[in-house]
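Structure file coords_17.tsv with TSV, C-alpha atoms and all ligand atoms:
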```
chain	number	residue	atom	x	y	z
A	1261	MET	CA	83.86	84.28	114.63
A	1262	GLN	CA	80.18	83.49	114.37
A	1263	GLN	CA	77.42	85.45	116.11
A	1264	GLU	CA	77.43	83.12	119.12
A	1265	GLN	CA	81.19	83.54	119.70
A	1266	LEU	CA	80.96	87.29	119.14
A	1267	VAL	CA	78.25	87.52	121.79
A	1268	GLU	CA	80.39	85.53	124.24
A	1269	GLU	CA	83.31	87.83	123.49
A	1270	ILE	CA	81.14	90.87	124.24
A	1271	LYS	CA	80.32	89.41	127.64
A	1272	VAL	CA	84.02	88.91	128.39
A	1273	LEU	CA	84.76	92.48	127.30
A	1274	MET	CA	81.89	93.89	129.39
A	1275	ASP	CA	83.26	92.07	132.40
A	1276	LEU	CA	86.76	93.51	131.82
A	1277	VAL	CA	85.26	97.00	131.51
A	1278	GLU	CA	83.25	96.47	134.68
A	1279	ARG	CA	86.38	95.46	136.57
A	1280	ASN	CA	88.51	98.06	134.79
A	1281	THR	CA	91.19	95.53	133.91
A	1282	THR	CA	92.68	93.62	131.01
A	1283	SER	CA	94.10	90.15	130.27
A	1284	LEU	CA	97.34	89.78	132.20
A	1285	ALA	CA	100.54	87.84	131.58
A	1286	ASP	CA	102.05	85.92	134.50
A	1287	GLU	CA	104.89	88.31	135.08
A	1288	VAL	CA	106.64	91.45	133.93
A	1289	MET	CA	109.05	90.73	131.07
A	1290	GLU	CA	112.48	92.28	130.74
A	1291	ILE	CA	114.27	92.37	127.43
A	1292	ASP	CA	117.70	93.63	126.53
A	1293	VAL	CA	118.01	96.84	124.55
A	1294	SER	CA	120.28	94.84	122.24
A	1295	GLU	CA	117.20	92.99	120.94
A	1296	TYR	CA	116.43	96.18	119.05
A	1297	THR	CA	119.95	97.20	118.13
A	1298	ASP	CA	122.20	94.16	117.60
A	1299	PRO	CA	123.14	93.94	113.88
A	1300	ALA	CA	123.92	90.20	114.12
A	1301	LEU	CA	120.48	89.51	115.57
A	1302	PHE	CA	118.97	91.67	112.84
A	1303	ASP	CA	120.63	89.51	110.17
A	1304	ARG	CA	119.03	86.43	111.71
A	1305	GLU	CA	115.65	88.15	111.72
A	1306	LYS	CA	116.00	88.92	108.01
A	1307	GLU	CA	116.80	85.24	107.45
A	1308	LEU	CA	113.72	84.31	109.46
A	1309	ILE	CA	111.47	86.40	107.21
A	1310	ARG	CA	112.87	84.58	104.18
A	1311	ASN	CA	112.44	81.17	105.76
A	1312	TYR	CA	109.15	81.44	107.65
A	1313	PRO	CA	105.73	81.31	105.94
A	1314	GLN	CA	104.60	84.85	105.23
A	1315	PHE	CA	101.05	86.10	105.43
A	1316	VAL	CA	100.29	87.62	102.02
A	1317	GLY	CA	96.73	88.81	102.50
A	1318	PRO	CA	93.14	87.67	102.66
A	1319	SER	CA	91.91	85.59	99.69
A	1320	CYS	CA	90.04	88.61	98.30
A	1321	ILE	CA	93.34	90.27	97.42
A	1322	VAL	CA	93.29	88.09	94.27
A	1323	PRO	CA	89.60	87.27	93.77
A	1324	ASN	CA	89.51	86.24	90.06
A	1325	PRO	CA	91.59	84.06	87.72
A	1326	GLY	CA	94.48	86.11	86.37
A	1327	ASP	CA	94.54	88.46	89.39
A	1328	TYR	CA	98.01	88.89	90.82
A	1329	PHE	CA	99.63	90.35	93.89
A	1330	ALA	CA	103.37	91.07	94.01
A	1331	PHE	CA	105.70	92.06	96.81
A	1332	ASP	CA	109.43	92.20	97.27
A	1333	ASP	CA	110.16	92.61	100.97
A	1334	THR	CA	111.22	89.15	102.12
A	1335	GLY	CA	114.50	88.94	100.23
A	1336	VAL	CA	112.78	87.05	97.38
A	1337	PRO	CA	110.57	88.91	94.86
A	1338	ILE	CA	107.21	87.10	94.89
A	1339	LEU	CA	104.32	87.02	92.42
A	1340	ILE	CA	101.08	85.41	93.62
A	1341	VAL	CA	98.52	84.66	90.91
A	1342	ARG	CA	95.02	83.15	90.91
A	1343	ARG	CA	94.83	80.30	88.40
A	1344	GLU	CA	92.00	79.42	86.07
A	1345	ASP	CA	91.02	76.50	88.35
A	1346	GLY	CA	90.72	78.84	91.35
A	1347	GLY	CA	93.95	77.72	93.02
A	1348	LEU	CA	97.02	79.88	93.50
A	1349	ASN	CA	100.54	79.88	92.12
A	1350	ALA	CA	103.39	81.65	93.84
A	1351	LEU	CA	106.27	82.39	91.49
A	1352	VAL	CA	109.70	83.84	91.99
A	1353	ASN	CA	109.26	87.19	90.31
A	1354	ILE	CA	112.52	87.23	88.38
A	1355	CYS	CA	112.49	87.04	84.60
A	1356	SER	CA	114.62	84.20	83.23
A	1357	HIS	CA	116.26	86.56	80.73
A	1358	ARG	CA	118.01	89.26	82.74
A	1359	GLY	CA	116.05	89.33	85.93
A	1360	ALA	CA	113.37	92.03	85.78
A	1361	PRO	CA	110.15	91.59	87.77
A	1362	LEU	CA	107.20	90.74	85.54
A	1363	ASN	CA	104.60	93.15	86.81
A	1364	GLU	CA	104.54	96.91	86.81
A	1365	CYS	CA	102.09	97.38	89.70
A	1366	ASP	CA	101.86	95.61	93.03
A	1367	HIS	CA	98.49	94.14	92.14
A	1368	GLY	CA	96.25	93.83	89.12
A	1369	GLN	CA	95.26	91.51	86.27
A	1370	ALA	CA	97.66	89.52	84.14
A	1371	LYS	CA	97.56	90.48	80.43
A	1372	LYS	CA	94.30	89.17	78.91
A	1373	GLY	CA	93.89	87.41	82.26
A	1374	ARG	CA	96.36	84.72	81.23
A	1375	MET	CA	99.95	85.87	80.87
A	1376	PHE	CA	102.71	88.13	82.13
A	1377	THR	CA	105.06	89.91	79.78
A	1378	CYS	CA	108.32	91.24	81.08
A	1379	PRO	CA	108.49	95.05	80.91
A	1380	TYR	CA	112.20	94.88	79.92
A	1381	HIS	CA	112.36	92.84	76.68
A	1382	GLY	CA	108.93	91.28	76.48
A	1383	TRP	CA	109.49	87.64	77.41
A	1384	ALA	CA	106.10	86.11	78.14
A	1385	TYR	CA	105.00	83.59	80.77
A	1386	ASP	CA	101.66	81.94	81.42
A	1387	LEU	CA	99.96	81.87	84.84
A	1388	ASP	CA	101.88	78.71	85.73
A	1389	GLY	CA	105.15	80.50	85.06
A	1390	LYS	CA	105.87	78.58	81.83
A	1391	LEU	CA	107.92	80.54	79.30
A	1392	ILE	CA	105.61	81.01	76.30
A	1393	GLY	CA	107.19	83.79	74.29
A	1394	VAL	CA	110.63	85.20	73.47
A	1395	PRO	CA	110.68	88.20	71.08
A	1396	PHE	CA	113.31	87.89	68.30
A	1397	ALA	CA	114.15	84.40	69.54
A	1398	LYS	CA	115.10	83.19	66.06
A	1399	ASP	CA	118.05	85.55	66.01
A	1400	GLY	CA	118.78	86.23	69.64
A	1401	PHE	CA	118.09	83.03	71.53
A	1402	THR	CA	118.72	79.99	69.36
A	1403	GLY	CA	119.22	76.80	71.27
A	1404	ILE	CA	117.80	77.83	74.63
A	1405	ASP	CA	115.77	75.22	76.51
A	1406	ARG	CA	112.45	76.97	77.10
A	1407	ASP	CA	111.12	74.20	79.30
A	1408	SER	CA	113.79	74.86	81.88
A	1409	LEU	CA	113.33	78.65	81.76
A	1410	GLY	CA	109.97	78.94	83.47
A	1411	LEU	CA	109.52	80.92	86.67
A	1412	ARG	CA	110.41	79.06	89.83
A	1413	HIS	CA	107.51	78.00	92.08
A	1414	LEU	CA	107.19	78.69	95.79
A	1415	ASP	CA	105.00	76.89	98.30
A	1416	VAL	CA	101.76	78.86	98.62
A	1417	GLN	CA	98.72	77.80	100.63
A	1418	GLU	CA	95.29	79.23	101.17
A	1419	LYS	CA	92.90	78.30	103.97
A	1420	HIS	CA	90.14	80.02	105.95
A	1421	GLY	CA	90.40	82.98	103.56
A	1422	MET	CA	94.09	83.59	104.20
A	1423	ILE	CA	97.05	83.24	101.85
A	1424	PHE	CA	100.55	82.32	103.03
A	1425	VAL	CA	103.72	81.87	101.01
A	1426	MET	CA	107.19	80.50	101.75
A	1427	PRO	CA	109.79	82.85	100.22
A	1428	ASN	CA	112.56	80.25	100.25
A	1429	PRO	CA	111.97	78.03	97.16
A	1430	ASN	CA	113.61	75.07	98.88
A	1431	ARG	CA	111.15	74.97	101.75
A	1432	SER	CA	107.52	74.05	102.31
A	1433	PHE	CA	105.19	74.46	105.28
A	1434	ASP	CA	102.14	73.19	107.11
A	1435	ILE	CA	99.47	75.89	107.08
A	1436	ASP	CA	97.60	74.47	110.08
A	1437	GLU	CA	100.73	74.72	112.16
A	1438	VAL	CA	101.27	78.30	110.98
A	1439	LEU	CA	97.68	79.29	111.85
A	1440	GLY	CA	97.86	77.62	115.24
A	1441	GLY	CA	94.04	77.75	115.45
A	1442	ILE	CA	93.67	81.51	115.00
A	1443	GLN	CA	91.07	80.82	112.31
A	1444	GLU	CA	88.66	80.36	115.23
A	1445	ARG	CA	88.88	84.14	115.72
A	1446	ILE	CA	89.22	85.18	112.10
A	1447	GLN	CA	86.66	83.06	110.26
A	1448	GLY	CA	83.33	84.65	109.46
A	1449	PHE	CA	84.65	88.17	108.82
A	1450	GLY	CA	84.48	87.77	105.04
A	1451	PHE	CA	88.15	87.39	104.13
A	1452	GLU	CA	87.07	85.71	100.91
A	1453	ASP	CA	84.81	88.44	99.57
A	1454	HIS	CA	85.77	91.89	100.86
A	1455	TYR	CA	86.91	94.60	98.46
A	1456	TYR	CA	90.60	95.54	98.45
A	1457	LEU	CA	90.73	99.34	98.48
A	1458	GLY	CA	94.53	99.52	98.34
A	1459	ALA	CA	97.65	99.80	100.47
A	1460	LYS	CA	99.68	102.65	101.92
A	1461	LYS	CA	103.41	102.06	102.10
A	1462	VAL	CA	105.21	103.82	104.96
A	1463	PHE	CA	108.96	103.72	105.57
A	1464	THR	CA	110.09	104.18	109.16
A	1465	ASP	CA	113.55	104.92	110.51
A	1466	PHE	CA	113.41	102.42	113.34
A	1467	SER	CA	113.48	98.68	114.02
A	1468	TRP	CA	110.67	96.61	112.50
A	1469	LYS	CA	110.10	95.19	116.00
A	1470	LEU	CA	109.46	98.64	117.46
A	1471	ASN	CA	106.99	99.06	114.63
A	1472	MET	CA	105.22	95.80	115.53
A	1473	ASP	CA	105.25	96.56	119.28
A	1474	THR	CA	102.84	99.46	118.77
A	1475	PHE	CA	100.03	97.11	117.71
A	1476	HIS	CA	100.01	94.67	120.61
A	1477	GLU	CA	98.75	96.68	123.54
A	1478	TYR	CA	95.91	99.03	124.40
A	1479	TYR	CA	97.78	100.49	127.35
A	1480	HIS	CA	98.93	103.58	125.46
A	1481	PHE	CA	95.60	104.75	124.05
A	1482	GLU	CA	94.64	107.41	126.58
A	1483	PHE	CA	98.15	108.83	126.71
A	1484	LEU	CA	99.28	108.74	123.09
A	1485	HIS	CA	95.90	108.91	121.35
A	1486	PRO	CA	93.69	111.03	123.65
A	1487	GLU	CA	91.89	112.79	120.78
A	1488	THR	CA	91.68	109.90	118.33
A	1489	ILE	CA	91.60	106.20	119.30
A	1490	ALA	CA	90.86	106.88	122.99
A	1491	GLN	CA	87.64	108.57	121.85
A	1492	MET	CA	86.51	105.22	120.43
A	1493	ALA	CA	88.02	102.40	122.50
A	1494	TYR	CA	88.85	101.78	126.15
A	1495	SER	CA	92.46	102.15	127.22
A	1496	ASN	CA	94.08	99.13	128.82
A	1497	VAL	CA	91.09	96.83	128.30
A	1498	ALA	CA	91.64	93.86	126.00
A	1499	HIS	CA	90.90	90.17	125.95
A	1500	TYR	CA	94.03	88.28	124.96
A	1501	LYS	CA	94.03	84.78	123.47
A	1502	GLN	CA	97.00	82.86	122.17
A	1503	TYR	CA	96.96	80.57	119.11
A	1504	GLY	CA	100.24	78.79	118.45
A	1505	ARG	CA	102.73	81.60	117.84
A	1506	ASN	CA	99.92	84.02	117.05
A	1507	HIS	CA	97.49	85.86	119.23
A	1508	SER	CA	94.23	87.74	119.09
A	1509	MET	CA	92.99	90.60	121.24
A	1510	GLY	CA	89.39	91.71	121.52
A	1511	SER	CA	88.71	95.30	122.56
A	1512	PRO	CA	85.45	97.03	123.57
A	1513	THR	CA	84.22	100.31	122.13
A	1514	LEU	CA	83.33	103.04	124.64
A	1515	GLU	CA	79.63	102.37	123.99
A	1516	ILE	CA	79.70	98.68	124.90
A	1517	ASN	CA	77.53	99.15	127.99
A	1518	GLU	CA	74.67	100.37	125.80
A	1519	LEU	CA	74.15	96.67	125.04
A	1520	LYS	CA	72.98	96.15	128.60
A	1521	LYS	CA	69.73	97.83	127.59
A	1522	VAL	CA	69.30	95.66	124.48
A	1523	PRO	CA	68.04	92.03	124.48
A	1524	GLU	CA	70.93	89.71	123.69
A	1525	GLU	CA	69.25	88.34	120.53
A	1526	GLN	CA	69.39	91.83	119.07
A	1527	TRP	CA	73.06	92.51	119.78
A	1528	GLN	CA	75.24	93.65	116.89
A	1529	PRO	CA	78.54	92.61	118.52
A	1530	ARG	CA	80.79	93.87	115.74
A	1531	GLU	CA	79.68	97.44	116.34
A	1532	TYR	CA	80.91	97.23	119.91
A	1533	SER	CA	84.18	95.35	119.56
A	1534	SER	CA	87.34	95.24	117.46
A	1535	TYR	CA	90.07	92.65	117.09
A	1536	VAL	CA	93.80	92.85	116.68
A	1537	ASN	CA	95.06	89.53	115.34
A	1538	TYR	CA	98.80	88.93	115.26
A	1539	ILE	CA	100.15	86.50	112.69
A	1540	PHE	CA	103.73	85.64	113.58
A	1541	PRO	CA	106.18	87.15	112.86
A	1542	ASN	CA	105.27	90.40	111.12
A	1543	THR	CA	101.56	90.85	110.41
A	1544	VAL	CA	98.57	92.33	112.17
A	1545	ILE	CA	95.00	91.91	110.94
A	1546	PHE	CA	92.81	94.55	112.51
A	1547	ILE	CA	89.09	93.79	112.34
A	1548	VAL	CA	86.86	96.71	113.17
A	1549	ASN	CA	83.12	97.04	112.78
A	1550	ASP	CA	82.23	96.09	109.17
A	1551	HIS	CA	85.72	96.07	107.63
A	1552	PHE	CA	89.31	95.02	108.25
A	1553	GLN	CA	92.85	96.21	107.65
A	1554	THR	CA	96.18	94.45	107.47
A	1555	TRP	CA	99.54	95.82	108.55
A	1556	ARG	CA	102.53	93.91	107.16
A	1557	VAL	CA	105.88	95.04	108.51
A	1558	TYR	CA	109.24	94.12	107.00
A	1559	PRO	CA	112.78	94.70	108.23
A	1560	ILE	CA	115.11	96.62	105.90
A	1561	ALA	CA	118.03	97.49	108.19
A	1562	PRO	CA	118.42	97.52	111.99
A	1563	ASP	CA	117.15	101.08	111.92
A	1564	ARG	CA	114.76	100.94	108.99
A	1565	SER	CA	111.53	99.12	108.22
A	1566	VAL	CA	108.60	99.35	105.87
A	1567	VAL	CA	104.93	98.81	106.62
A	1568	TYR	CA	102.09	98.14	104.19
A	1569	HIS	CA	98.75	99.22	105.56
A	1570	SER	CA	95.95	97.67	103.48
A	1571	MET	CA	92.22	98.38	103.65
A	1572	PHE	CA	89.44	95.86	102.92
A	1573	LEU	CA	85.83	97.02	102.68
A	1574	PRO	CA	82.59	95.04	102.85
A	1575	HIS	CA	81.83	96.03	99.24
A	1576	GLU	CA	83.27	98.03	96.37
A	1577	PRO	CA	82.40	101.74	96.72
A	1578	ALA	CA	79.21	102.36	94.76
A	1579	ASN	CA	80.33	105.73	93.37
A	1580	ASP	CA	83.11	108.32	93.50
A	1581	GLU	CA	81.63	110.02	96.51
A	1582	GLU	CA	81.57	106.80	98.52
A	1583	ARG	CA	85.09	105.96	97.37
A	1584	GLN	CA	86.31	109.34	98.58
A	1585	GLU	CA	84.69	108.77	101.97
A	1586	PHE	CA	86.42	105.41	102.34
A	1587	GLU	CA	89.73	106.88	101.16
A	1588	ALA	CA	89.44	109.70	103.69
A	1589	TYR	CA	88.76	107.22	106.49
A	1590	PHE	CA	91.72	105.08	105.36
A	1591	GLN	CA	93.97	108.15	105.31
A	1592	MET	CA	92.79	109.20	108.78
A	1593	ILE	CA	93.67	105.80	110.30
A	1594	ASN	CA	97.04	105.82	108.56
A	1595	ASP	CA	97.73	109.37	109.76
A	1596	VAL	CA	97.08	108.37	113.38
A	1597	ALA	CA	99.71	105.64	113.11
A	1598	VAL	CA	102.22	107.90	111.38
A	1599	THR	CA	101.75	111.13	113.32
A	1600	GLU	CA	101.00	109.70	116.74
A	1601	ASP	CA	102.63	106.25	117.01
A	1602	TYR	CA	105.52	106.38	114.58
A	1603	SER	CA	106.68	109.88	115.44
A	1604	LEU	CA	106.98	108.82	119.07
A	1605	VAL	CA	108.56	105.46	118.28
A	1606	ASP	CA	111.17	107.32	116.26
A	1607	LYS	CA	112.31	108.90	119.53
A	1608	VAL	CA	112.09	105.58	121.37
A	1609	HIS	CA	114.47	104.22	118.77
A	1610	ARG	CA	116.96	107.00	119.44
A	1611	GLY	CA	116.86	106.25	123.17
A	1612	LEU	CA	117.49	102.57	122.49
A	1613	GLN	CA	120.41	103.46	120.21
A	1614	SER	CA	121.99	105.76	122.82
A	1615	GLY	CA	124.26	103.09	124.25
A	1616	ILE	CA	122.74	103.42	127.72
A	1617	ASP	CA	122.72	99.94	129.25
A	1618	ARG	CA	119.21	99.18	130.47
A	1619	LYS	CA	116.30	96.78	130.16
A	1620	VAL	CA	113.06	97.35	128.32
A	1621	LEU	CA	110.11	96.41	130.54
A	1622	ILE	CA	106.95	94.85	129.15
A	1623	GLY	CA	104.12	94.76	131.65
A	1624	ARG	CA	101.73	91.99	132.62
A	1625	ASN	CA	99.07	94.14	130.91
A	1626	GLU	CA	101.02	93.90	127.62
A	1627	PRO	CA	100.77	90.14	126.93
A	1628	GLY	CA	100.73	90.67	123.16
A	1629	VAL	CA	104.06	92.51	123.17
A	1630	GLN	CA	105.46	89.81	125.42
A	1631	ASN	CA	104.25	87.07	123.09
A	1632	MET	CA	105.83	88.56	119.99
A	1633	HIS	CA	109.23	88.84	121.64
A	1634	ARG	CA	108.97	85.43	123.28
A	1635	GLN	CA	108.04	83.70	120.02
A	1636	LEU	CA	110.77	85.47	118.06
A	1637	ASN	CA	113.38	84.52	120.61
A	1638	GLN	CA	112.21	80.91	120.57
A	1639	VAL	CA	112.26	80.60	116.81
A	1640	LEU	CA	115.60	82.36	116.46
A	1641	ALA	CA	117.11	80.10	119.12
A	1642	THR	CA	116.33	76.99	117.07
B	1	LIG	S1	114.69	90.86	81.62
B	1	LIG	FE1	112.77	90.07	81.14
B	1	LIG	S2	112.73	90.09	79.01
B	1	LIG	FE2	114.69	90.82	79.48
B	2	FE	FE	98.92	103.43	118.88
```
How does the structure come out when it is put into structure tokens?
Ligand code: FES
Ligand SMILES: [Fe+2]
Amino acid sequence: MQQEQLVEEIKVLMDLVERNTTSLADEVMEIDVSEYTDPALFDREKELIRNYPQFVGPSCIVPNPGDYFAFDDTGVPILIVRREDGGLNALVNICSHRGAPLNECDHGQAKKGRMFTCPYHGWAYDLDGKLIGVPFAKDGFTGIDRDSLGLRHLDVQEKHGMIFVMPNPNRSFDIDEVLGGIQERIQGFGFEDHYYLGAKKVFTDFSWKLNMDTFHEYYHFEFLHPETIAQMAYSNVAHYKQYGRNHSMGSPTLEINELKKVPEEQWQPREYSSYVNYIFPNTVIFIVNDHFQTWRVYPIAPDRSVVYHSMFLPHEPANDEERQEFEAYFQMINDVAVTEDYSLVDKVHRGLQSGIDRKVLIGRNEPGVQNMHRQLNQVLAT
């Protein structure tokens, strides 16, 4: 968002605070417990992740030619790499020899900025995935057709500072349809040029959907986070907007009314608001003050999921001391999710697994949670 939109958003948030309310859905939603427990439904959700464009990260996750980013949570191991011409390749990260992934870390620079060598037996590929080297080929691999042994390409697209990939090599996608207009909310926050501090990987012993549910409402702040988040943001006050299958929620900080004493031209809206942006089906981009974080959640089993919490800063830390400060902040945010949200959701999961026949209720004040479930059900029904 640009300054003008941010200012308008502040006015909307001030009004919600004034009226002590939040954006409301039309009605209370009821969902079956089986949506969290049914193994057959889970299998379809895993298929969905493999066949629906996946948010990879902001463009700054691979800023320079030769930079790569790898992940293996969609059912297809994926290697994203920035080409010399500034574009991206997405490659199936399976070596044509015996199948090892080509990178040893989840992100970094290709060797000499221009090739990957397999850690198993050293086969080499260029940034386009072409096979360019086979050690001991004269003896071991006479007669192979190198041209047909390159890495397979996936559809990858980058727009408005966001990278998406289609894990299924037989499918392509329309990025504008995937975004559904959410760039209106996300543009202008520097997705192209922030600094990627790193990611924390957390395994949870509950459904990936329970994991996602925690991000879409501000209703629980004063009850579950009285000493942490509720000291910074209002409970149950959020401005919800839908974009295609995605949504965005603006939230005021507790100090927002201080702006009433400041002339509008001098407002620094980002200091008084934060934004949870949901990218269907499994990503949240959380924009707060001068930085942003992403949370990518993947299903593993009906009762197991993994989340990658990534931190993006306005600039690279200038020295060790500054880096330690940012790391400590990153750890603190992650700890809140793990010790406050996830430890409770673990128990929610057990209740849902108990075999007691009941409905899960999602309030009118939880439109984001409603949207995620509604969209999933729609896509899975087709
Ligand atoms: S598996 Fe890659 S070189 Fe053998
Ligand atoms: Fe929470």
Could I get the residue neighbourhood of ligand FE 2 (chain B) at 7 Å, counting all atoms listed in the file, as a short mmCIF file (atom, residue, chain, number, x, y, z; two decimals) with C-alpha atoms, in the frame of the given file?
```cif
data_model
loop_
_atom_site.label_atom_id
_atom_site.label_comp_id
_atom_site.auth_asym_id
_atom_site.auth_seq_id
_atom_site.Cartn_x
_atom_site.Cartn_y
_atom_site.Cartn_z
CA THR A 1474 102.84 99.46 118.77
CA PHE A 1475 100.03 97.11 117.71
CA HIS A 1480 98.93 103.58 125.46
CA PHE A 1481 95.60 104.75 124.05
CA LEU A 1484 99.28 108.74 123.09
CA HIS A 1485 95.90 108.91 121.35
CA ALA A 1597 99.71 105.64 113.11
CA GLU A 1600 101.00 109.70 116.74
CA ASP A 1601 102.63 106.25 117.01
#
```
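Take the candidates A:Val1267, A:Leu1339, A:Thr1543, A:Pro1379 and check each one against ligand LIG 1 (chain B) using all atoms listed in the file; the shortest distance goes to A:Pro1379.
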Box along x, y and z, 4 Å on every side, all listed atoms of ligand LIG 1 (chain B) inside: centre and edge lengths in Å to one decimal, as AutoDock Vina command-line options.
```
--center_x 113.7 --center_y 90.5 --center_z 80.3 --size_x 10.0 --size_y 8.8 --size_z 10.6
```
Which residue gives the smallest distance to ligand LIG 1 (chain B) among A:Asp1332, A:Gly1359, A:Phe1302, A:Ala1641, with only C-alpha atoms and all ligand atoms counted? A:Gly1359
Contacts to ligand LIG 1 (chain B) at 6 Å cut-off (only C-alpha atoms and all ligand atoms) as a ChimeraX atom specification: /A:1355,1357-1360,1378,1380-1383
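For the residues A:Asp1333, A:Asp1275, A:Asp1405, A:Glu1587, ranking by smallest atom-to-atom distance to Tyr1456 in chain A using only C-alpha atoms places A:Glu1587 first.
Excluding Ala1561 in chain A itself and same-chain residues fewer than 6 positions from it, the residues having an atom within 12 Å of it are Tyr1296, Thr1297, Asp1298, Pro1299, Ala1300, Leu1301, Phe1302, Asp1303, Arg1304, Glu1305, Lys1306, Asp1333, Phe1463, Thr1464, Asp1465, Phe1466, Ser1467, Trp1468 and Lys1469 of chain A, counting only C-alpha atoms.
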Missing atoms in range 1464-1475 of chain A should be modelled up to N, CA and C atoms and reported as an mmCIF file, in the coordinates of the input.
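Saved as selection-v3.cif:
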```cif
data_model
loop_
_atom_site.group_PDB
_atom_site.id
_atom_site.type_symbol
_atom_site.label_atom_id
_atom_site.label_comp_id
_atom_site.auth_asym_id
_atom_site.auth_seq_id
_atom_site.Cartn_x
_atom_site.Cartn_y
_atom_site.Cartn_z
ATOM 1 N N THR A 1464 109.811 103.615 107.832
ATOM 2 C CA THR A 1464 110.090 104.180 109.160
ATOM 3 C C THR A 1464 111.569 103.992 109.480
ATOM 4 N N ASP A 1465 112.127 104.985 110.172
ATOM 5 C CA ASP A 1465 113.550 104.920 110.510
ATOM 6 C C ASP A 1465 113.745 104.322 111.895
ATOM 7 N N PHE A 1466 113.177 103.150 112.092
ATOM 8 C CA PHE A 1466 113.410 102.420 113.340
ATOM 9 C C PHE A 1466 113.187 100.924 113.099
ATOM 10 N N SER A 1467 113.565 100.146 114.099
ATOM 11 C CA SER A 1467 113.480 98.680 114.020
ATOM 12 C C SER A 1467 112.079 98.207 113.677
ATOM 13 N N TRP A 1468 111.983 97.174 112.849
ATOM 14 C CA TRP A 1468 110.670 96.610 112.500
ATOM 15 C C TRP A 1468 109.957 96.094 113.751
ATOM 16 N N LYS A 1469 110.740 95.707 114.782
ATOM 17 C CA LYS A 1469 110.100 95.190 116.000
ATOM 18 C C LYS A 1469 109.465 96.314 116.806
ATOM 19 N N LEU A 1470 110.093 97.483 116.804
ATOM 20 C CA LEU A 1470 109.460 98.640 117.460
ATOM 21 C C LEU A 1470 108.159 98.978 116.747
ATOM 22 N N ASN A 1471 108.194 98.834 115.428
ATOM 23 C CA ASN A 1471 106.990 99.060 114.630
ATOM 24 C C ASN A 1471 105.884 98.090 115.066
ATOM 25 N N MET A 1472 106.218 96.812 115.141
ATOM 26 C CA MET A 1472 105.220 95.800 115.530
ATOM 27 C C MET A 1472 104.726 96.013 116.957
ATOM 28 N N ASP A 1473 105.633 96.407 117.852
ATOM 29 C CA ASP A 1473 105.250 96.560 119.280
ATOM 30 C C ASP A 1473 104.043 97.476 119.460
ATOM 31 N N THR A 1474 103.908 98.465 118.576
ATOM 32 C CA THR A 1474 102.840 99.460 118.770
ATOM 33 C C THR A 1474 101.449 98.840 118.650
ATOM 34 N N PHE A 1475 101.354 97.682 117.979
ATOM 35 C CA PHE A 1475 100.030 97.110 117.710
ATOM 36 C C PHE A 1475 99.506 96.204 118.826
#
```
